[in-house]
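Below is run_38.tsv, which holds TSV, C-alpha atoms.
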```tsv
chain	number	residue	atom	x	y	z
Q	13	MET	CA	151.28	210.74	-16.13
Q	14	LYS	CA	152.81	214.05	-15.07
Q	15	ILE	CA	155.97	215.13	-16.90
Q	16	ILE	CA	158.03	218.30	-16.70
Q	17	VAL	CA	159.91	219.30	-19.84
Q	18	ALA	CA	162.63	221.94	-19.59
Q	19	GLY	CA	164.71	223.77	-22.14
Q	20	GLY	CA	164.81	226.87	-24.24
Q	21	GLY	CA	166.72	229.93	-25.24
Q	22	THR	CA	167.17	228.74	-28.83
Q	23	GLY	CA	165.24	226.66	-31.33
Q	24	GLY	CA	167.90	223.98	-30.97
Q	25	HIS	CA	166.46	223.19	-27.55
Q	26	ILE	CA	162.81	224.04	-28.12
Q	27	ILE	CA	162.12	222.25	-31.42
Q	28	PRO	CA	163.42	218.83	-30.23
Q	29	ASN	CA	161.35	219.27	-27.05
Q	30	ILE	CA	158.28	219.83	-29.21
Q	31	ALA	CA	159.09	216.63	-31.10
Q	32	VAL	CA	159.27	214.73	-27.80
Q	33	LEU	CA	156.01	216.27	-26.56
Q	34	ASN	CA	154.17	215.42	-29.78
Q	35	ALA	CA	155.40	211.82	-29.63
Q	36	LEU	CA	154.33	211.48	-25.98
Q	37	LYS	CA	150.92	212.97	-26.72
Q	38	LYS	CA	150.40	210.53	-29.59
Q	39	GLN	CA	151.36	207.61	-27.38
Q	40	MET	CA	149.64	208.60	-24.12
Q	41	GLY	CA	146.78	210.86	-25.17
Q	42	ALA	CA	144.71	212.29	-22.33
Q	43	GLN	CA	146.82	210.48	-19.73
Q	44	LEU	CA	149.67	212.90	-20.41
Q	45	ASP	CA	149.92	215.97	-18.17
Q	46	VAL	CA	152.82	218.24	-19.17
Q	47	LEU	CA	154.32	221.33	-17.62
Q	48	TYR	CA	156.98	223.06	-19.70
Q	49	ILE	CA	159.51	225.13	-17.75
Q	50	GLY	CA	161.61	227.70	-19.56
Q	51	SER	CA	162.95	231.20	-19.37
Q	52	LYS	CA	160.50	234.03	-18.75
Q	53	LYS	CA	162.11	236.00	-21.59
Q	54	GLY	CA	163.05	233.20	-23.98
Q	55	MET	CA	161.32	232.39	-27.27
Q	56	GLU	CA	159.80	229.32	-25.58
Q	57	ALA	CA	157.64	231.66	-23.48
Q	58	GLU	CA	155.79	232.57	-26.70
Q	59	MET	CA	156.02	229.32	-28.67
Q	60	ILE	CA	154.94	226.75	-26.08
Q	61	PRO	CA	151.65	228.33	-24.86
Q	62	VAL	CA	150.57	228.93	-28.47
Q	63	MET	CA	150.96	225.19	-29.09
Q	64	GLY	CA	148.63	224.43	-26.20
Q	65	TRP	CA	151.16	223.25	-23.61
Q	66	ASN	CA	151.21	224.56	-20.04
Q	67	PHE	CA	154.18	226.85	-19.52
Q	68	GLN	CA	155.87	228.36	-16.48
Q	69	GLY	CA	158.80	230.75	-16.67
Q	70	ILE	CA	161.69	230.92	-14.23
Q	71	ASN	CA	164.75	233.09	-13.74
Q	72	CYS	CA	167.96	231.71	-15.15
Q	73	GLY	CA	171.53	232.83	-15.61
Q	74	LYS	CA	173.67	232.20	-18.65
Q	75	LEU	CA	176.69	229.95	-18.24
Q	76	ARG	CA	179.87	231.40	-19.71
Q	77	ARG	CA	183.29	229.79	-20.03
Q	78	TYR	CA	185.00	233.18	-20.03
Q	79	PHE	CA	185.38	235.99	-17.51
Q	80	SER	CA	182.52	238.47	-17.36
Q	81	LEU	CA	181.01	240.60	-14.64
Q	82	GLU	CA	177.65	239.17	-15.73
Q	83	ASN	CA	178.78	235.79	-14.36
Q	84	PHE	CA	178.46	237.17	-10.85
Q	85	LEU	CA	174.88	238.35	-11.38
Q	86	ASP	CA	173.91	235.25	-13.33
Q	87	SER	CA	175.01	232.98	-10.49
Q	88	PHE	CA	172.28	234.59	-8.37
Q	89	ARG	CA	169.77	234.26	-11.21
Q	90	THR	CA	170.58	230.56	-11.47
Q	91	MET	CA	170.14	230.07	-7.72
Q	92	ALA	CA	166.81	231.90	-7.94
Q	93	GLY	CA	165.84	229.57	-10.79
Q	94	VAL	CA	166.66	226.54	-8.65
Q	95	ALA	CA	164.51	227.89	-5.82
Q	96	GLN	CA	161.62	228.58	-8.19
Q	97	SER	CA	162.00	225.13	-9.76
Q	98	LEU	CA	161.90	223.47	-6.35
Q	99	LEU	CA	158.55	225.12	-5.61
Q	100	ILE	CA	157.14	224.27	-9.05
Q	101	ILE	CA	158.23	220.62	-8.87
Q	102	LYS	CA	156.88	220.18	-5.35
Q	103	LYS	CA	153.52	221.55	-6.44
Q	104	PHE	CA	153.26	219.73	-9.80
Q	105	LYS	CA	154.69	216.39	-8.53
Q	106	PRO	CA	155.98	215.01	-11.85
Q	107	ALA	CA	156.90	211.36	-12.37
Q	108	VAL	CA	159.90	212.38	-14.48
Q	109	ILE	CA	161.72	215.46	-15.76
Q	110	PHE	CA	163.06	215.70	-19.33
Q	111	SER	CA	165.75	218.35	-19.74
Q	112	LYS	CA	166.85	219.32	-23.24
Q	113	GLY	CA	169.90	221.27	-22.20
Q	114	GLY	CA	170.86	224.91	-22.26
Q	115	TYR	CA	171.25	227.20	-19.27
Q	116	VAL	CA	167.46	227.45	-18.94
Q	117	SER	CA	167.08	223.80	-18.03
Q	118	LEU	CA	169.95	223.62	-15.53
Q	119	PRO	CA	167.99	224.94	-12.49
Q	120	VAL	CA	165.19	222.46	-13.24
Q	121	ALA	CA	167.56	219.49	-13.46
Q	122	VAL	CA	169.31	220.51	-10.25
Q	123	ALA	CA	166.01	220.97	-8.38
Q	124	GLY	CA	164.66	217.67	-9.71
Q	125	GLY	CA	167.75	215.82	-8.55
Q	126	MET	CA	167.56	217.46	-5.13
Q	127	LEU	CA	163.94	216.30	-4.76
Q	128	GLY	CA	164.63	212.77	-5.95
Q	129	VAL	CA	162.60	213.07	-9.17
Q	130	PRO	CA	164.13	211.02	-12.03
Q	131	VAL	CA	165.85	213.41	-14.46
Q	132	ILE	CA	166.53	212.53	-18.09
Q	133	ILE	CA	168.81	214.92	-19.98
Q	134	HIS	CA	169.47	215.09	-23.72
Q	135	GLU	CA	172.39	216.70	-25.53
Q	136	SER	CA	172.09	217.37	-29.27
Q	137	ASP	CA	175.64	218.57	-29.86
Q	138	VAL	CA	178.61	216.25	-30.33
Q	139	GLU	CA	180.52	218.09	-27.61
Q	140	PRO	CA	178.48	218.13	-24.37
Q	141	GLY	CA	177.83	221.67	-23.17
Q	142	LEU	CA	178.60	223.05	-19.72
Q	143	SER	CA	174.98	222.88	-18.56
Q	144	THR	CA	174.83	219.22	-19.62
Q	145	LYS	CA	177.97	218.43	-17.67
Q	146	ILE	CA	176.55	220.03	-14.54
Q	147	SER	CA	173.03	218.62	-15.00
Q	148	ALA	CA	174.48	215.13	-15.48
Q	149	ARG	CA	175.37	215.04	-11.78
Q	150	PHE	CA	171.63	214.98	-11.03
Q	151	ALA	CA	170.51	212.80	-13.96
Q	152	LYS	CA	169.36	209.22	-13.99
Q	153	VAL	CA	169.69	208.92	-17.77
Q	154	ILE	CA	171.95	210.88	-20.14
Q	155	CYS	CA	170.94	210.82	-23.81
Q	156	PHE	CA	173.26	211.76	-26.67
Q	157	SER	CA	172.51	212.20	-30.35
Q	158	TYR	CA	175.84	210.81	-31.49
Q	159	GLU	CA	178.02	207.84	-30.62
Q	160	GLU	CA	181.02	210.16	-30.69
Q	161	SER	CA	179.57	212.01	-27.70
Q	162	ARG	CA	179.52	208.79	-25.69
Q	163	LYS	CA	183.21	208.32	-26.45
Q	164	LYS	CA	184.01	211.88	-25.41
Q	165	TRP	CA	181.96	211.45	-22.22
Q	166	GLY	CA	183.53	208.17	-21.22
Q	167	MET	CA	182.34	204.68	-22.04
Q	168	GLY	CA	182.10	203.65	-18.39
Q	169	ASP	CA	179.01	205.73	-17.54
Q	170	LYS	CA	176.14	203.23	-17.66
Q	171	ARG	CA	173.56	206.03	-17.58
Q	172	VAL	CA	174.47	207.05	-21.14
Q	173	ILE	CA	172.42	205.97	-24.16
Q	174	VAL	CA	172.61	207.16	-27.77
Q	175	THR	CA	169.11	208.04	-28.93
Q	176	GLY	CA	169.69	210.30	-31.91
Q	177	ASN	CA	168.11	213.74	-32.09
Q	178	PRO	CA	164.32	214.11	-31.60
Q	179	VAL	CA	162.73	215.06	-34.93
Q	180	ARG	CA	159.13	216.10	-35.55
Q	181	GLU	CA	157.21	213.33	-37.29
Q	182	GLU	CA	155.74	215.65	-39.94
Q	183	LEU	CA	159.22	216.27	-41.38
Q	184	ALA	CA	159.19	212.71	-42.70
Q	185	HIS	CA	156.00	213.36	-44.66
Q	186	GLY	CA	156.99	216.32	-46.80
Q	187	ILE	CA	155.65	216.74	-50.32
Q	188	ALA	CA	158.44	217.56	-52.75
Q	189	GLU	CA	156.27	219.42	-55.26
Q	190	LYS	CA	154.97	221.76	-52.56
Q	191	GLY	CA	158.54	222.42	-51.50
Q	192	TRP	CA	159.63	223.35	-55.01
Q	193	SER	CA	156.57	225.59	-55.43
Q	194	PHE	CA	157.01	227.32	-52.06
Q	195	SER	CA	160.73	227.99	-52.50
Q	196	GLY	CA	160.51	229.19	-56.09
Q	197	LEU	CA	163.54	227.09	-56.96
Q	198	LYS	CA	163.71	225.17	-60.21
Q	199	LYS	CA	163.58	221.42	-59.85
Q	200	GLY	CA	166.85	219.74	-60.74
Q	201	ASN	CA	169.09	222.68	-59.87
Q	202	PHE	CA	171.82	222.23	-57.29
Q	203	PHE	CA	171.30	224.18	-54.07
Q	204	ILE	CA	172.44	224.17	-50.45
Q	205	VAL	CA	170.18	224.64	-47.42
Q	206	PHE	CA	171.64	225.96	-44.16
Q	207	PHE	CA	169.63	224.99	-41.06
Q	208	GLY	CA	172.07	226.54	-38.64
Q	209	LEU	CA	175.60	227.80	-38.27
Q	210	SER	CA	178.02	227.36	-35.39
Q	211	VAL	CA	181.27	229.29	-35.27
Q	212	VAL	CA	183.97	227.67	-33.12
```
Spell out the structure here as structure tokens.
Amino acid sequence: MKIIVAGGGTGGHIIPNIAVLNALKKQMGAQLDVLYIGSKKGMEAEMIPVMGWNFQGINCGKLRRYFSLENFLDSFRTMAGVAQSLLIIKKFKPAVIFSKGGYVSLPVAVAGGMLGVPVIIHESDVEPGLSTKISARFAKVICFSYEESRKKWGMGDKRVIVTGNPVREELAHGIAEKGWSFSGLKKGNFFIVFFGLSVV
């Protein structure tokens, strides 16, 4: 089965995609044929090939909710990304496209919708981002991590399902003693771990 996976720019898009890819590989084995589409300059361009997945980079423009002269240039980059995605999708002929969000995946979702390929998008944040809102117009299924997102989106959209956030299987099999040893922290002490920070 041929699948295109799109997303990148930050680990928040790439890491969940890796979790999805690993789960698909475990389930489908050699029958799975994946092409990962991301930014030519994003961290996914380095991470994905190293993990053994086929990767193809496209041009993409950042989506901003504020005025900037870069918005003008990025609109052309996004259109170029759509054109590139159309050619890639036509050549690869995927059965489905999984888009993890972010401005990198928008051209792929748009091109997939234009070509009639089923597009599944996933949003990790409670508040759907701008690229998710635009990509949703071309999506067959819209996945959210939280029930609150469904409420914000509107309960009437039958395409919406709450799936939770994709998590790598190995995270459920950690060994506590190795963690204490690696971190150098003393067992029993109170500590806080920050995985990420978002300033609103």
Within 7 Å of Gly93 in chain Q, counting all atoms listed in the file, which residues show up once you throw out same-chain ones fewer than 3 positions away? Write them as a PyMOL selection string, please. chain Q and resi 70-72+89-90+96-97+119
Kindly provide the residues of range 14-133 of chain Q that approach range 179-190 of chain Q to within 9 Å, each paired with its closest atom pair and their distance in Å to one decimal, based on all atoms listed in the file, listed by chain and increasing number, as a tab-separated table.
```
residue	atom	partner	partner_atom	distance
Q:Ile27	CA	Q:Arg180	CA	8.0
Q:Pro28	CA	Q:Val179	CA	6.1
Q:Ile30	CA	Q:Arg180	CA	7.4
Q:Ala31	CA	Q:Arg180	CA	4.5
Q:Val32	CA	Q:Arg180	CA	7.9
Q:Asn34	CA	Q:Arg180	CA	7.6
Q:Ala35	CA	Q:Glu181	CA	8.0
```
Compare Q:Lys102, Q:Lys38, Q:Lys14, Q:His25 by their minimum atom-to-atom distance to Met126 in chain Q, counting all atoms listed in the file, and give me the closest one. Q:Lys102
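For the residues Q:Val46, Q:Val116, Q:Ile154, Q:Ile101, ranking by smallest atom-to-atom distance to Gly128 in chain Q using only C-alpha atoms places Q:Ile101 first.
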Interatomic distance between CA of Val172 in chain Q and CA of Asp45 in chain Q?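 Here the two named atoms are 26.3 Å from each other.
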Counting all atoms listed in the file, which of Q:Ser87, Q:Ser195, Q:Ser147, Q:Gln68 gets nearest to Lys112 in chain Q?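 The shortest atom-to-atom distance to Lys112 in chain Q comes from Q:Ser147.
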Near Ile15 in chain Q, within 8 Å and counting all atoms listed in the file, which residues show up once chain neighbours fewer than 4 positions away are dropped, as a ChimeraX atom specification? /Q:44-47,106-110
Skip Val153 in chain Q itself and residues of its chain fewer than 4 positions away, then list as an mmCIF file with C-alpha atoms, keeping the file's coordinate frame all residues within 9 Å of it, counting all atoms listed in the file.
```
data_model
loop_
_atom_site.group_PDB
_atom_site.id
_atom_site.type_symbol
_atom_site.label_atom_id
_atom_site.label_comp_id
_atom_site.auth_asym_id
_atom_site.auth_seq_id
_atom_site.Cartn_x
_atom_site.Cartn_y
_atom_site.Cartn_z
ATOM 1 C CA PRO Q 130 164.130 211.020 -12.030
ATOM 2 C CA VAL Q 131 165.850 213.410 -14.460
ATOM 3 C CA ILE Q 132 166.530 212.530 -18.090
ATOM 4 C CA ILE Q 133 168.810 214.920 -19.980
ATOM 5 C CA HIS Q 134 169.470 215.090 -23.720
ATOM 6 C CA ALA Q 148 174.480 215.130 -15.480
ATOM 7 C CA LYS Q 170 176.140 203.230 -17.660
ATOM 8 C CA ARG Q 171 173.560 206.030 -17.580
ATOM 9 C CA VAL Q 172 174.470 207.050 -21.140
ATOM 10 C CA ILE Q 173 172.420 205.970 -24.160
#
```
Compile the contact shell of Glu159 in chain Q as a list of chain:residue names: residues with an atom at most 10 Å away, counting only C-alpha atoms, same-chain residues fewer than 6 positions apart removed. Q:Val138, Q:Trp165, Q:Ile173, Q:Val174, Q:Thr175, Q:Gly176
Written selection (C-alpha atoms) as a compact mmCIF listing (two decimals), in the coordinates of the input:
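Result saved to out23.txt:
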```txt
# COMPACT_ATOMS: atom_id res chain seq x y z
CA VAL Q 138 178.61 216.25 -30.33
CA TRP Q 165 181.96 211.45 -22.22
CA ILE Q 173 172.42 205.97 -24.16
CA VAL Q 174 172.61 207.16 -27.77
CA THR Q 175 169.11 208.04 -28.93
CA GLY Q 176 169.69 210.30 -31.91
```
Using all atoms listed in the file, which of the listed residues (Q:Asn201, Q:Ser157, Q:Ser117, Q:Gln39) sits closest to Asp137 in chain Q? Q:Ser157
Neighbouring residues of range 50-54 of chain Q were defined as those with any atom within 6 Å, considering all atoms listed in the file; residues of the same chain fewer than 6 positions away were excluded. Please report them as a PyMOL selection string. chain Q and resi 18-21+69-70+116
So how many Å separate CA of Met13 in chain Q and CA of Gly41 in chain Q, to one decimal?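 So the answer is 10.1 Å.
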Quick one: distance from CA of Lys164 in chain Q to CA of Val94 in chain Q in Å, one decimal? 28.2 Å
